Amino acid sequence: MKNSLPSLLAVSFLLNVLPLTAQQRPPATPLITHDPYFSVWSITDNLTDSDTTHWTGSPQPITGIVRIDGKPFRFMGHHPDDIPAMQQTAHSVTPTHTTYEFRQSGINLRFVFFTPAFLSDLEVLSRPVTYLTWTAESTDASPHQVSVLLDVDPVIAVNERSQQINSFRNQTSSLNVLSTGSQDQKILNRSGDDLRIDWGYFHLAVPKDAHYTTYLASHPATAFASTGQLTTTDTMDMPERADHSASALSTIIDFGSVSQPVTRHILVSYTDNYAIQYLQRNLRSYWQRNNQPVDQMLDQAEQQYASLEASGEAFDKDLTADLTKVGGEHYAYIAILSYRQAIAAHKLVADANGDPMLFAKENFSNGCIATVDVLYPSAPFFLFFNPKLLEAQLLPVLEYSSLARWKFPFSPHDLGQYPLANGQVYGGGEKTEEDQMPVEETGNMLILVDAVARAEGTPQLAQRYWPLLTKWAEYLNTHGLDPETQLTTDDFAGHLAHNANLSIKAIDALAAYADLAHLLKQETVAKQYQSTAKEMAAKWIAMAKEGDHYKIAFNSPNTWSQKYNLVWDKILDYNLFPNSVRDSEVAFYLTKLNLYGLPLDSRADYTKLDWSIWTATLASNPDQFNAIIDPICRWTNETPTRVPLTDWYDTKTGKQVGFQARSVVGGVFIKALSDKELTNKWRAKSTSTH
């Protein structure tokens, strides 16, 4: 049953009068977020209510114990559960920081995870280092003796506990380092979705300072809680199974007698030697493109800690203010929750010539790599901050599509299954058209190539692959206006013929091709395709119209759907569809809102987070925008499913239907991207592009 507009406004009012800080309860909290393999989360409100996990939900416990005047308390992790938990007093997420505050026995402990995920600096972005920082301060004007134990379960370096690991210690010029990794080290040995990495090494690095001591010992939390010390003898029986009795990587950090604030920090890192296999070539992470040794990378990260931390705090403040200004507090909150997740579903590597290539993993779907209809929804994130990173995603797809082995006249769906990008695996693969997404993926690629050309001020990428783009445009010219029965990006809803939203994508894609032709000074081609796109848009209106809105499919009366693809018509200035199409659609959507958002279409109550924000961006005023955004904000704080932000959920129950931790949440940044002045400001920060 549809909600009435008065009840919708009441929900919106309630959400708006509640302070944002009172609502913040992320479905899951990002702690360490770098790539699909190095991604650690907390899935409970309190950091002590559960052990930390990989984004898939597989346990990757990191345990934190503090001793205050000889008494132990847990501040991170659920075990050992006989050690009392510290009282957590605050919990916040900003674009690059996650902060917890605890209070106990006269001490306030502030614990911060900082990942310097700046899209403007590819070197730092690709560096697999997260900083953990503690600040202890007396709250009762009396000094207290404080020390902290942090230990990492070596399962973090393997897929499952039955695997054998080797743990060891090293040192760099500025750090003492504990490392662990699988005994086998079978680099890029397999592909899949619900998998953890089992090659390369996890590193726990601490400054060479008397305040830090490192240990390789089993059950460190129990020993530390009891005596404040650990055995000084490292376990030497290697390899060992990565089970619960394996040697943890541990550090004890001495804060001494604390009255005024005392701050300490450590580094955690994961290095993988080779990260992606592309067309049978093993590629290194971008930071390793010049064969930089791990010890130098860690030293560099340590040397830059203070300056990066200052940059991160300024970045968070500036971005939060801008997101709030362009979309309001609720929009800003959703975008901030999406920020690190969007990045962590990618791996930034270097091609043989050192050029950046960015590969997305289709998390908790089928594990595909470089899925075109995943690049498309996440594209606003990269177009807003650094279009070079979108080019780095399109390049591998264009290169593969140009090979003789890809024999179809339309774009591929994917390049393989992560981390092996050796050729399409979805549907009929390279063999048949079964379950392909011809109009969907071809439209995606043409629109994004044009978006990159506009953003970078040059059509060089289009020029390089012009024959391929021309073949794709010809395909859409024939098949785009009234698509035959085929899958779309919303393939979970099944095949659909005569799809009106898919038709919009094809029409805008032809305008994109016309724009690229214009940029390449092929004016005859540009005029021809611009004229075709305009004619198709006029036909679309007549074919899709149904009273006060437009149908889900041209032959389906009494239906509706989110026409989220319309968003590019304004953002890229194609202006093929009159404002009346957007206005009537948005007005109709406002009559279909449920407690937690706008359903994707008339077929079911579920929705897609990314598409809902795109649809909200079609709104012509803030009240309409907020009417769609506010229930989504409420959902993030009330969903019973505690996983890294899902993009597919039920708008009535708030429960996850499928998918989690995916890069498509980068699509939330479409509202920011729609503000040209703001986009230009943030793009101008992107100077490191090679």
# chains A, B, ... in the order shown; residues from 1 in each chain; ligands from 1
$ residues_around --residues "Ser378 (chain A)" --least-positions-apart "6" --cutoff "6 Å" --atoms "only C-alpha atoms" --output "MDAnalysis selection string"
chainID A and resid 664 666:667
$ write_last_selection --atoms "C-alpha atoms" --output "mmCIF file, in the first residue's frame"
data_model
loop_
_atom_site.group_PDB
_atom_site.id
_atom_site.type_symbol
_atom_site.label_atom_id
_atom_site.label_comp_id
_atom_site.auth_asym_id
_atom_site.auth_seq_id
_atom_site.Cartn_x
_atom_site.Cartn_y
_atom_site.Cartn_z
ATOM 1 C CA VAL A 664 28.519 0.731 -6.537
ATOM 2 C CA GLY A 666 30.237 5.323 -5.115
ATOM 3 C CA GLY A 667 27.143 6.224 -7.125
#
$ select_by_dssp --residues "region 280-389 of chain A" --states "strand (DSSP E)" --output "ChimeraX atom specification"
/A:281-283,346-350,356-360
$ select_by_dssp --residues "region 318-563 of chain A" --states "helix (DSSP H, G or I)" --output "MDAnalysis selection string"
chainID A and resid 318:344 372:385 387:401 438:456 460:464 466:479 491:493 500:519 523:544
$ residues_around --residues "Pro84 (chain A)" --least-positions-apart "4" --cutoff "9 Å" --atoms "only C-alpha atoms" --output "ChimeraX atom specification"
/A:72-74,80
$ atom_distance --atom1 "CA of Thr63 (chain A)" --atom2 "CA of Phe224 (chain A)"
11.7 Å
$ residues_around --residues "Gln393 (chain A)" --least-positions-apart "2" --cutoff "7 Å" --atoms "only C-alpha atoms" --output "PDB file with N, CA, C and O atoms, in the first residue's frame"
ATOM      1  N   MET A 357      45.932   1.158 -13.674  1.00  0.00           N
ATOM      2  CA  MET A 357      44.739   0.391 -14.031  1.00  0.00           C
ATOM      3  C   MET A 357      44.001   0.095 -12.737  1.00  0.00           C
ATOM      4  O   MET A 357      44.610  -0.362 -11.762  1.00  0.00           O
ATOM      5  N   LEU A 358      42.720   0.374 -12.725  1.00  0.00           N
ATOM      6  CA  LEU A 358      41.922   0.194 -11.518  1.00  0.00           C
ATOM      7  C   LEU A 358      40.853  -0.858 -11.787  1.00  0.00           C
ATOM      8  O   LEU A 358      40.045  -0.713 -12.704  1.00  0.00           O
ATOM      9  N   PHE A 359      40.875  -1.922 -10.987  1.00  0.00           N
ATOM     10  CA  PHE A 359      39.967  -3.052 -11.198  1.00  0.00           C
ATOM     11  C   PHE A 359      38.979  -3.161 -10.046  1.00  0.00           C
ATOM     12  O   PHE A 359      39.377  -3.266  -8.880  1.00  0.00           O
ATOM     13  N   LEU A 389      41.058   8.123 -12.582  1.00  0.00           N
ATOM     14  CA  LEU A 389      40.789   6.799 -12.016  1.00  0.00           C
ATOM     15  C   LEU A 389      39.626   6.099 -12.707  1.00  0.00           C
ATOM     16  O   LEU A 389      39.553   4.877 -12.705  1.00  0.00           O
ATOM     17  N   LEU A 390      38.710   6.862 -13.295  1.00  0.00           N
ATOM     18  CA  LEU A 390      37.680   6.223 -14.127  1.00  0.00           C
ATOM     19  C   LEU A 390      38.298   5.776 -15.439  1.00  0.00           C
ATOM     20  O   LEU A 390      38.004   4.668 -15.925  1.00  0.00           O
ATOM     21  N   GLU A 391      39.148   6.590 -16.017  1.00  0.00           N
ATOM     22  CA  GLU A 391      39.865   6.176 -17.225  1.00  0.00           C
ATOM     23  C   GLU A 391      40.648   4.893 -16.969  1.00  0.00           C
ATOM     24  O   GLU A 391      40.697   3.996 -17.819  1.00  0.00           O
ATOM     25  N   LEU A 395      40.009   1.660 -19.399  1.00  0.00           N
ATOM     26  CA  LEU A 395      41.102   1.246 -20.282  1.00  0.00           C
ATOM     27  C   LEU A 395      41.213  -0.272 -20.434  1.00  0.00           C
ATOM     28  O   LEU A 395      41.275  -0.778 -21.569  1.00  0.00           O
ATOM     29  N   PRO A 396      41.221  -1.057 -19.353  1.00  0.00           N
ATOM     30  CA  PRO A 396      41.315  -2.516 -19.530  1.00  0.00           C
ATOM     31  C   PRO A 396      40.140  -3.097 -20.311  1.00  0.00           C
ATOM     32  O   PRO A 396      40.315  -4.039 -21.091  1.00  0.00           O
TER      33      PRO A 396
END
$ atom_distance --atom1 "CA of Gly256 (chain A)" --atom2 "CA of Ser226 (chain A)"
18.1 Å
$ residues_around --residues "region 646-648 of chain A" --least-positions-apart "6" --cutoff "9 Å" --atoms "only C-alpha atoms" --output "VMD selection string"
chain A and resid 27 606 to 611 655 to 662 664 to 665
$ write_last_selection --atoms "N, CA and C atoms" --output "short mmCIF file (atom, residue, chain, number, x, y, z; two decimals), in the first residue's frame"
data_model
loop_
_atom_site.label_atom_id
_atom_site.label_comp_id
_atom_site.auth_asym_id
_atom_site.auth_seq_id
_atom_site.Cartn_x
_atom_site.Cartn_y
_atom_site.Cartn_z
N PRO A 27 25.52 0.49 9.54
CA PRO A 27 25.25 -0.95 9.50
C PRO A 27 26.50 -1.76 9.86
N TYR A 606 11.77 -4.15 -2.90
CA TYR A 606 13.20 -3.87 -2.72
C TYR A 606 13.64 -2.70 -3.58
N THR A 607 14.79 -2.15 -3.19
CA THR A 607 15.36 -1.03 -3.96
C THR A 607 16.86 -1.21 -4.07
N LYS A 608 17.47 -0.30 -4.83
CA LYS A 608 18.94 -0.21 -4.96
C LYS A 608 19.36 1.15 -4.43
N LEU A 609 20.30 1.14 -3.49
CA LEU A 609 20.78 2.37 -2.87
C LEU A 609 21.33 3.35 -3.91
N ASP A 610 22.19 2.87 -4.80
CA ASP A 610 22.83 3.76 -5.77
C ASP A 610 21.79 4.40 -6.69
N TRP A 611 20.89 3.58 -7.24
CA TRP A 611 19.91 4.12 -8.16
C TRP A 611 18.96 5.09 -7.47
N LYS A 655 15.70 -4.95 5.62
CA LYS A 655 16.64 -6.07 5.57
C LYS A 655 17.39 -6.12 4.24
N GLN A 656 18.62 -6.55 4.30
CA GLN A 656 19.42 -6.80 3.10
C GLN A 656 18.75 -7.90 2.28
N VAL A 657 18.63 -7.67 0.97
CA VAL A 657 18.17 -8.72 0.07
C VAL A 657 19.38 -9.47 -0.49
N GLY A 658 20.41 -8.74 -0.86
CA GLY A 658 21.65 -9.32 -1.36
C GLY A 658 22.70 -8.24 -1.50
N PHE A 659 23.91 -8.65 -1.84
CA PHE A 659 25.04 -7.75 -2.08
C PHE A 659 25.50 -7.06 -0.77
N GLN A 660 26.80 -6.83 -0.67
CA GLN A 660 27.34 -6.01 0.42
C GLN A 660 28.77 -5.60 0.05
N ALA A 661 29.19 -4.52 0.65
CA ALA A 661 30.57 -4.02 0.51
C ALA A 661 30.94 -3.74 -0.95
N ARG A 662 29.96 -3.39 -1.78
CA ARG A 662 30.26 -3.22 -3.20
C ARG A 662 30.67 -1.78 -3.53
N VAL A 664 29.59 -0.05 -5.92
CA VAL A 664 28.52 0.73 -6.54
C VAL A 664 28.02 1.85 -5.63
N VAL A 665 28.32 1.76 -4.32
CA VAL A 665 27.89 2.85 -3.43
C VAL A 665 28.59 4.16 -3.79
#
$ residues_around --residues "Tyr286 (chain A)" --least-positions-apart "3" --cutoff "7 Å" --atoms "only C-alpha atoms" --output "ChimeraX atom specification"
/A:126,289,348-350,356
$ residues_around --residues "Gln277 (chain A)" --least-positions-apart "6" --cutoff "8 Å" --atoms "only C-alpha atoms" --output "JSON, numbers by chain"
{"A": [188, 283, 419, 420, 421, 422]}
$ write_last_selection --atoms "N, CA, C and O atoms" --output "PDB file, in the first residue's frame"
ATOM      1  N   LEU A 188      48.277 -15.321  -6.874  1.00  0.00           N
ATOM      2  CA  LEU A 188      47.177 -15.279  -7.847  1.00  0.00           C
ATOM      3  C   LEU A 188      46.737 -16.690  -8.243  1.00  0.00           C
ATOM      4  O   LEU A 188      46.540 -17.007  -9.409  1.00  0.00           O
ATOM      5  N   LEU A 283      50.274  -8.249 -12.663  1.00  0.00           N
ATOM      6  CA  LEU A 283      50.529  -6.828 -12.447  1.00  0.00           C
ATOM      7  C   LEU A 283      50.743  -6.534 -10.965  1.00  0.00           C
ATOM      8  O   LEU A 283      50.081  -7.106 -10.102  1.00  0.00           O
ATOM      9  N   PRO A 419      40.849 -12.325  -8.740  1.00  0.00           N
ATOM     10  CA  PRO A 419      41.675 -11.248  -9.298  1.00  0.00           C
ATOM     11  C   PRO A 419      42.212 -11.563 -10.705  1.00  0.00           C
ATOM     12  O   PRO A 419      43.226 -10.993 -11.110  1.00  0.00           O
ATOM     13  N   LEU A 420      41.549 -12.463 -11.413  1.00  0.00           N
ATOM     14  CA  LEU A 420      42.035 -12.900 -12.727  1.00  0.00           C
ATOM     15  C   LEU A 420      41.192 -12.270 -13.834  1.00  0.00           C
ATOM     16  O   LEU A 420      40.061 -12.685 -14.088  1.00  0.00           O
ATOM     17  N   ALA A 421      41.753 -11.260 -14.486  1.00  0.00           N
ATOM     18  CA  ALA A 421      41.052 -10.535 -15.551  1.00  0.00           C
ATOM     19  C   ALA A 421      41.516 -11.048 -16.905  1.00  0.00           C
ATOM     20  O   ALA A 421      42.144 -10.334 -17.691  1.00  0.00           O
ATOM     21  N   ASN A 422      41.196 -12.307 -17.176  1.00  0.00           N
ATOM     22  CA  ASN A 422      41.694 -12.961 -18.392  1.00  0.00           C
ATOM     23  C   ASN A 422      40.628 -13.176 -19.459  1.00  0.00           C
ATOM     24  O   ASN A 422      40.868 -13.848 -20.453  1.00  0.00           O
TER      25      ASN A 422
END
$ closest_residue --among "A:Glu160, A:Asp435, A:Asp316, A:Glu441" --to "Ser58 (chain A)" --atoms "only C-alpha atoms"
A:Glu160
$ closest_residue --among "A:Thr617, A:Asn170, A:Gly367, A:Trp134" --to "Phe255 (chain A)" --atoms "only C-alpha atoms"
A:Trp134
$ atom_distance --atom1 "CA of Ser580 (chain A)" --atom2 "CA of Asn558 (chain A)"
19.9 Å
$ closest_residue --among "A:His330, A:Arg127, A:Arg582, A:Lys431" --to "Gln292 (chain A)" --atoms "only C-alpha atoms"
A:Arg127
$ closest_atom_pairs --of "region 326-423 of chain A" --to "region 449-461 of chain A" --cutoff "12 Å" --atoms "only C-alpha atoms" --output "CSV"
residue,atom,partner,partner_atom,distance
A:Leu375,CA,A:Val449,CA,11.6
A:Tyr376,CA,A:Val449,CA,10.6
A:Ala379,CA,A:Ala451,CA,9.2
A:Pro380,CA,A:Ala451,CA,9.6
A:Phe382,CA,A:Val452,CA,9.7
A:Leu383,CA,A:Ala455,CA,7.1
A:Phe384,CA,A:Ala455,CA,9.0
A:Phe385,CA,A:Ala455,CA,10.4
A:Asn386,CA,A:Ala455,CA,8.9
A:Pro387,CA,A:Val452,CA,6.1
A:Lys388,CA,A:Glu456,CA,7.8
A:Leu389,CA,A:Val452,CA,9.6
A:Leu390,CA,A:Val452,CA,7.2
A:Glu391,CA,A:Val452,CA,6.6
A:Ala392,CA,A:Val452,CA,10.4
A:Gln393,CA,A:Val449,CA,10.5
A:Leu394,CA,A:Val449,CA,7.6
A:Leu395,CA,A:Leu461,CA,8.1
A:Pro396,CA,A:Leu461,CA,11.7
A:Val397,CA,A:Val449,CA,11.2
A:Leu398,CA,A:Leu461,CA,9.3
A:Glu399,CA,A:Leu461,CA,10.9
$ closest_residue --among "A:Leu595, A:Val262, A:Ala506, A:Leu403" --to "Tyr465 (chain A)" --atoms "only C-alpha atoms"
A:Leu403
